[in-house]
Amino acid sequence: MSKWWVGILVVVLGLGSAAPVRGGTLVYGRYADSLFLDPVFTDANLDIWIMQNIYETLIQIGPNGKGLVPGLATQWGFSKDGKTFTLTLRPGVRFSDGTPLTAEDVKFSLERAKNPDNGAWNFLLGSVNTVTVKGNQIVLDLKNPDPSLPAALATFNSAILPKKLYAAAKGKNEQERAKAFAEKPIGTGPFMLKEWKRGSSMTLVRNPLYWRKGADGQPLPYLDAIRFEIIPDDSARILKLQSGELDGAEFIPFARVAELQADPKLNMKLFPSTRVNFIVMNTRPKLKNGSSNPLNNLKLRQALNYAADKQALIKLVSFGNGKPMTSYLSSSTPLQAPQPMYPYDLDKAKQLFGESGFQPGLELTLQIVAGSADQSALATALQQMWEPLGVRLKIEQQDSATQNARYADSDFQMQFNYWTDDIADPNELTAYAAVYKNNQSFQTGFQSDEVDRLFAASQQETNPAQRAAQYKRIQEIYTRAAPMVFLYEQPFAVALSKRVRDFVQIPLGNNVFVNTYLEK
């Protein structure tokens, strides 16, 4: 291994930290249980953010959510024409049941992940034509050059499973086999599943065969086990943490962050994230009911953006824990190019509203989820902020299922929404938010021939500078078109006992316990 890779691993694995302690069980409070621990068929963060402690990928995401580091592959690279991608497998790796990791396991796993009939994420490997084994190397023949491929191979659905064990799982079809295997998953990760009491708790124990070494030269992880306690109620989760029954707790309400920051027994962590919050606007000329849609007017959409005081919203809803969006991409997303994202300017907003041709008293409708205090506070604040423009905002509260159904059917005028990346590349959100054919641009109806051309080109552009320029232009076009009310980014709020060391939640959301230890 080159000195460059060793340097990267020192940063990622925390090899410079002082004398980590081995042993012990960390008890971590989650707001909800996992559902389906299969990397190909799951689509829930509840699974994704935990699974990579059990399964691993050929390439792994760095702690900043942007960089890529070696995983089950020690090196990789494209051919000169960009049509072939070759990876060299790490020697001596074993699955947690003791069976050796082979190139055939990798071939099987990648072919399963790219199968168009399997799950929702196969498009990430859509450029892969064939997977071939050549000794200890995996050769991917590509339909076209694909600069996002390394990041796709670091994404959860590209995790490597044992071919023979998976094939032995009972089931009449692929989904049934996946479900059976996922009840007792086997991977190469630092932990393995010991016990799962659905809706109550999940226990992962140390994989004694894990290949990475810690600061003491012995195999990671340091912990003997992690027990996840499922505690949906925020207050109960915090109370158990404060009493010492939990060593950590996720999704701390922002209203409680300052209180926990002041607690001498706790470390209140705000990890950088890729979560962005926004209001999607239906930009089509007609609404679902056939009526004329004012939000088809560009100047009106821009006026609403200028009249939304993002700093005030951050203070009100996130209690100061956030920052205004500077693109539809989060600042933690690779190739994000900061834009002048409609800084609060009521005079400019009034000017644009006047130029839009609409009269004071214009009624617009915003859909939010019933029972969400944060969404209710946000909607009420926007109602007050837009009133000086002459806009009367009607707030419709709906249950989550109804809201999701109306969103999917483009049956809304405005709706609160958010996004968190799953891949360390801008292509996933861009395909979803800005390319009409994929999801009607986040169901906004936004369409741009130039964006479509740039995105298609970016999917094959192997020159990093050229690809960055393409994404910069896409962000400029999208910002000006304003199919969203761009609001704010927010961090992941996690509270930990002072004795918990080296836990990380990366910007994509994954909970990384491989280097975590408990001080005595």
# chains A, B, ... in the order shown; residues from 1 in each chain; ligands from 1

$ residues_around --residues "region 357-364 of chain A" --least-positions-apart "3" --cutoff "10 Å" --atoms "only C-alpha atoms" --output "list in words"
Asn293, Pro294, Leu295, Asn297, Lys299, Leu300, Leu352, Phe353, Gly354, Gln383, Glu387, Pro388, Leu389, Gly390, Val391, Arg392, Leu393, Lys394, Ile395, Gln413 and Met414 of chain A

$ residues_around --residues "Asn45 (chain A)" --least-positions-apart "4" --cutoff "10 Å" --atoms "only C-alpha atoms" --output "list in words"
Ser34, Leu35, Trp49, Ile50, Met51, Thr420, Asp422, Leu508, Gly509 and Asn510 of chain A

$ write_last_selection --atoms "N, CA and C atoms" --output "tab-separated table (two decimals), in the first residue's frame"
chain	number	residue	atom	x	y	z
A	34	SER	N	-34.86	-0.64	12.48
A	34	SER	CA	-34.59	-0.99	11.10
A	34	SER	C	-35.72	-1.87	10.58
A	35	LEU	N	-35.79	-2.01	9.26
A	35	LEU	CA	-36.88	-2.73	8.63
A	35	LEU	C	-36.40	-3.96	7.88
A	49	TRP	N	-28.39	3.50	7.28
A	49	TRP	CA	-27.45	4.14	8.19
A	49	TRP	C	-26.82	3.16	9.18
A	50	ILE	N	-27.36	1.92	9.25
A	50	ILE	CA	-26.83	0.91	10.16
A	50	ILE	C	-26.07	-0.18	9.41
A	51	MET	N	-26.54	-0.51	8.20
A	51	MET	CA	-26.05	-1.70	7.50
A	51	MET	C	-24.55	-1.73	7.26
A	420	THR	N	-31.66	14.03	1.75
A	420	THR	CA	-30.36	13.64	2.29
A	420	THR	C	-29.68	12.75	1.28
A	422	ASP	N	-27.47	9.91	-0.64
A	422	ASP	CA	-27.10	8.51	-0.39
A	422	ASP	C	-25.77	8.16	-1.03
A	508	LEU	N	-23.58	11.64	4.94
A	508	LEU	CA	-24.63	10.86	4.27
A	508	LEU	C	-25.55	10.17	5.27
A	509	GLY	N	-25.20	10.23	6.55
A	509	GLY	CA	-26.08	9.68	7.59
A	509	GLY	C	-25.59	8.40	8.22
A	510	ASN	N	-24.65	7.70	7.60
A	510	ASN	CA	-24.21	6.41	8.13
A	510	ASN	C	-23.60	6.57	9.52

$ residues_around --residues "Leu87 (chain A)" --least-positions-apart "6" --cutoff "6 Å" --atoms "only C-alpha atoms" --output "PDB file with C-alpha atoms, in the first residue's frame"
ATOM      1  CA  GLN A  75      -6.829   0.137  -5.593  1.00  0.00           C
ATOM      2  CA  TRP A  76      -8.878   0.949  -8.657  1.00  0.00           C
ATOM      3  CA  GLN A 137      -9.126  -8.312  -9.953  1.00  0.00           C
ATOM      4  CA  ILE A 138     -12.656  -7.304 -10.861  1.00  0.00           C
TER       5      ILE A 138
END

$ closest_residue --among "A:Thr283, A:Gln397, A:Gln475, A:Thr88" --to "Met341 (chain A)" --atoms "only C-alpha atoms"
A:Gln475

$ residues_around --residues "Phe156 (chain A)" --least-positions-apart "6" --cutoff "8 Å" --atoms "only C-alpha atoms" --output "PyMOL selection string"
chain A and resi 39-40+48+51-52+56-57

$ write_last_selection --atoms "C-alpha atoms" --output "PDB file, in the first residue's frame"
ATOM      1  CA  PRO A  39     -28.491  -3.542   0.728  1.00  0.00           C
ATOM      2  CA  VAL A  40     -30.230  -3.954  -2.635  1.00  0.00           C
ATOM      3  CA  ILE A  48     -28.984   2.226   5.290  1.00  0.00           C
ATOM      4  CA  MET A  51     -26.047  -1.702   7.495  1.00  0.00           C
ATOM      5  CA  GLN A  52     -22.524  -0.596   6.709  1.00  0.00           C
ATOM      6  CA  GLU A  56     -18.831  -3.473   3.316  1.00  0.00           C
ATOM      7  CA  THR A  57     -18.230  -2.072  -0.144  1.00  0.00           C
TER       8      THR A  57
END

$ atom_distance --atom1 "CA of Ala103 (chain A)" --atom2 "CA of Lys164 (chain A)"
12.5 Å

$ residues_around --residues "Ile474 (chain A)" --least-positions-apart "6" --cutoff "8 Å" --atoms "only C-alpha atoms" --output "list in words"
Val451, Leu454 and Phe455 of chain A

$ select_by_dssp --residues "region 453-497 of chain A" --states "strand (DSSP E or B)" --output "list in words"
Met484, Val485, Phe486, Leu487, Tyr488, Glu489, Phe492, Ala493, Val494, Ala495, Leu496 and Ser497 of chain A

$ write_last_selection --atoms "N, CA and C atoms" --output "CSV table (one decimal), in the first residue's frame"
chain,number,residue,atom,x,y,z
A,484,MET,N,-38.1,25.8,-6.3
A,484,MET,CA,-38.2,25.6,-4.8
A,484,MET,C,-38.1,26.9,-4.1
A,485,VAL,N,-38.6,26.9,-2.9
A,485,VAL,CA,-38.2,28.0,-1.9
A,485,VAL,C,-37.1,27.4,-1.2
A,486,PHE,N,-35.9,27.9,-1.5
A,486,PHE,CA,-34.7,27.3,-0.9
A,486,PHE,C,-34.5,27.8,0.6
A,487,LEU,N,-34.5,26.8,1.5
A,487,LEU,CA,-34.5,27.2,2.9
A,487,LEU,C,-33.2,27.0,3.6
A,488,TYR,N,-32.9,25.9,4.2
A,488,TYR,CA,-31.7,25.8,5.0
A,488,TYR,C,-31.2,24.3,5.1
A,489,GLU,N,-29.9,24.2,5.4
A,489,GLU,CA,-29.3,22.9,5.8
A,489,GLU,C,-29.4,22.7,7.3
A,492,PHE,N,-26.9,16.7,11.8
A,492,PHE,CA,-27.4,15.5,12.5
A,492,PHE,C,-27.1,15.8,14.0
A,493,ALA,N,-28.1,15.8,14.8
A,493,ALA,CA,-28.0,16.1,16.2
A,493,ALA,C,-27.9,14.7,17.0
A,494,VAL,N,-26.8,14.5,17.6
A,494,VAL,CA,-26.5,13.2,18.4
A,494,VAL,C,-26.0,13.6,19.7
A,495,ALA,N,-26.5,13.0,20.8
A,495,ALA,CA,-26.0,13.3,22.1
A,495,ALA,C,-25.3,12.0,22.6
A,496,LEU,N,-24.1,12.2,23.2
A,496,LEU,CA,-23.3,11.0,23.7
A,496,LEU,C,-22.8,11.2,25.1
A,497,SER,N,-22.7,10.1,25.8
A,497,SER,CA,-22.1,10.2,27.1
A,497,SER,C,-20.6,10.6,26.9

$ closest_residue --among "A:Arg30, A:Gln60, A:Leu298, A:Val514" --to "Asp233 (chain A)" --atoms "only C-alpha atoms"
A:Arg30

$ closest_residue --among "A:Leu329, A:Ala337, A:Ile368, A:Ala44" --to "Tyr432 (chain A)" --atoms "only C-alpha atoms"
A:Leu329

$ residues_around --residues "Leu124 (chain A)" --least-positions-apart "2" --cutoff "10 Å" --atoms "only C-alpha atoms" --output "list in words"
Ala113, Lys114, Ala120, Trp121, Asn122, Gly126, Ser127, Val128, Ser148, Leu149, Ala151, Ala152, Leu153, Thr155, Asn157, Ser158, Ile423, Asn427 and Glu428 of chain A
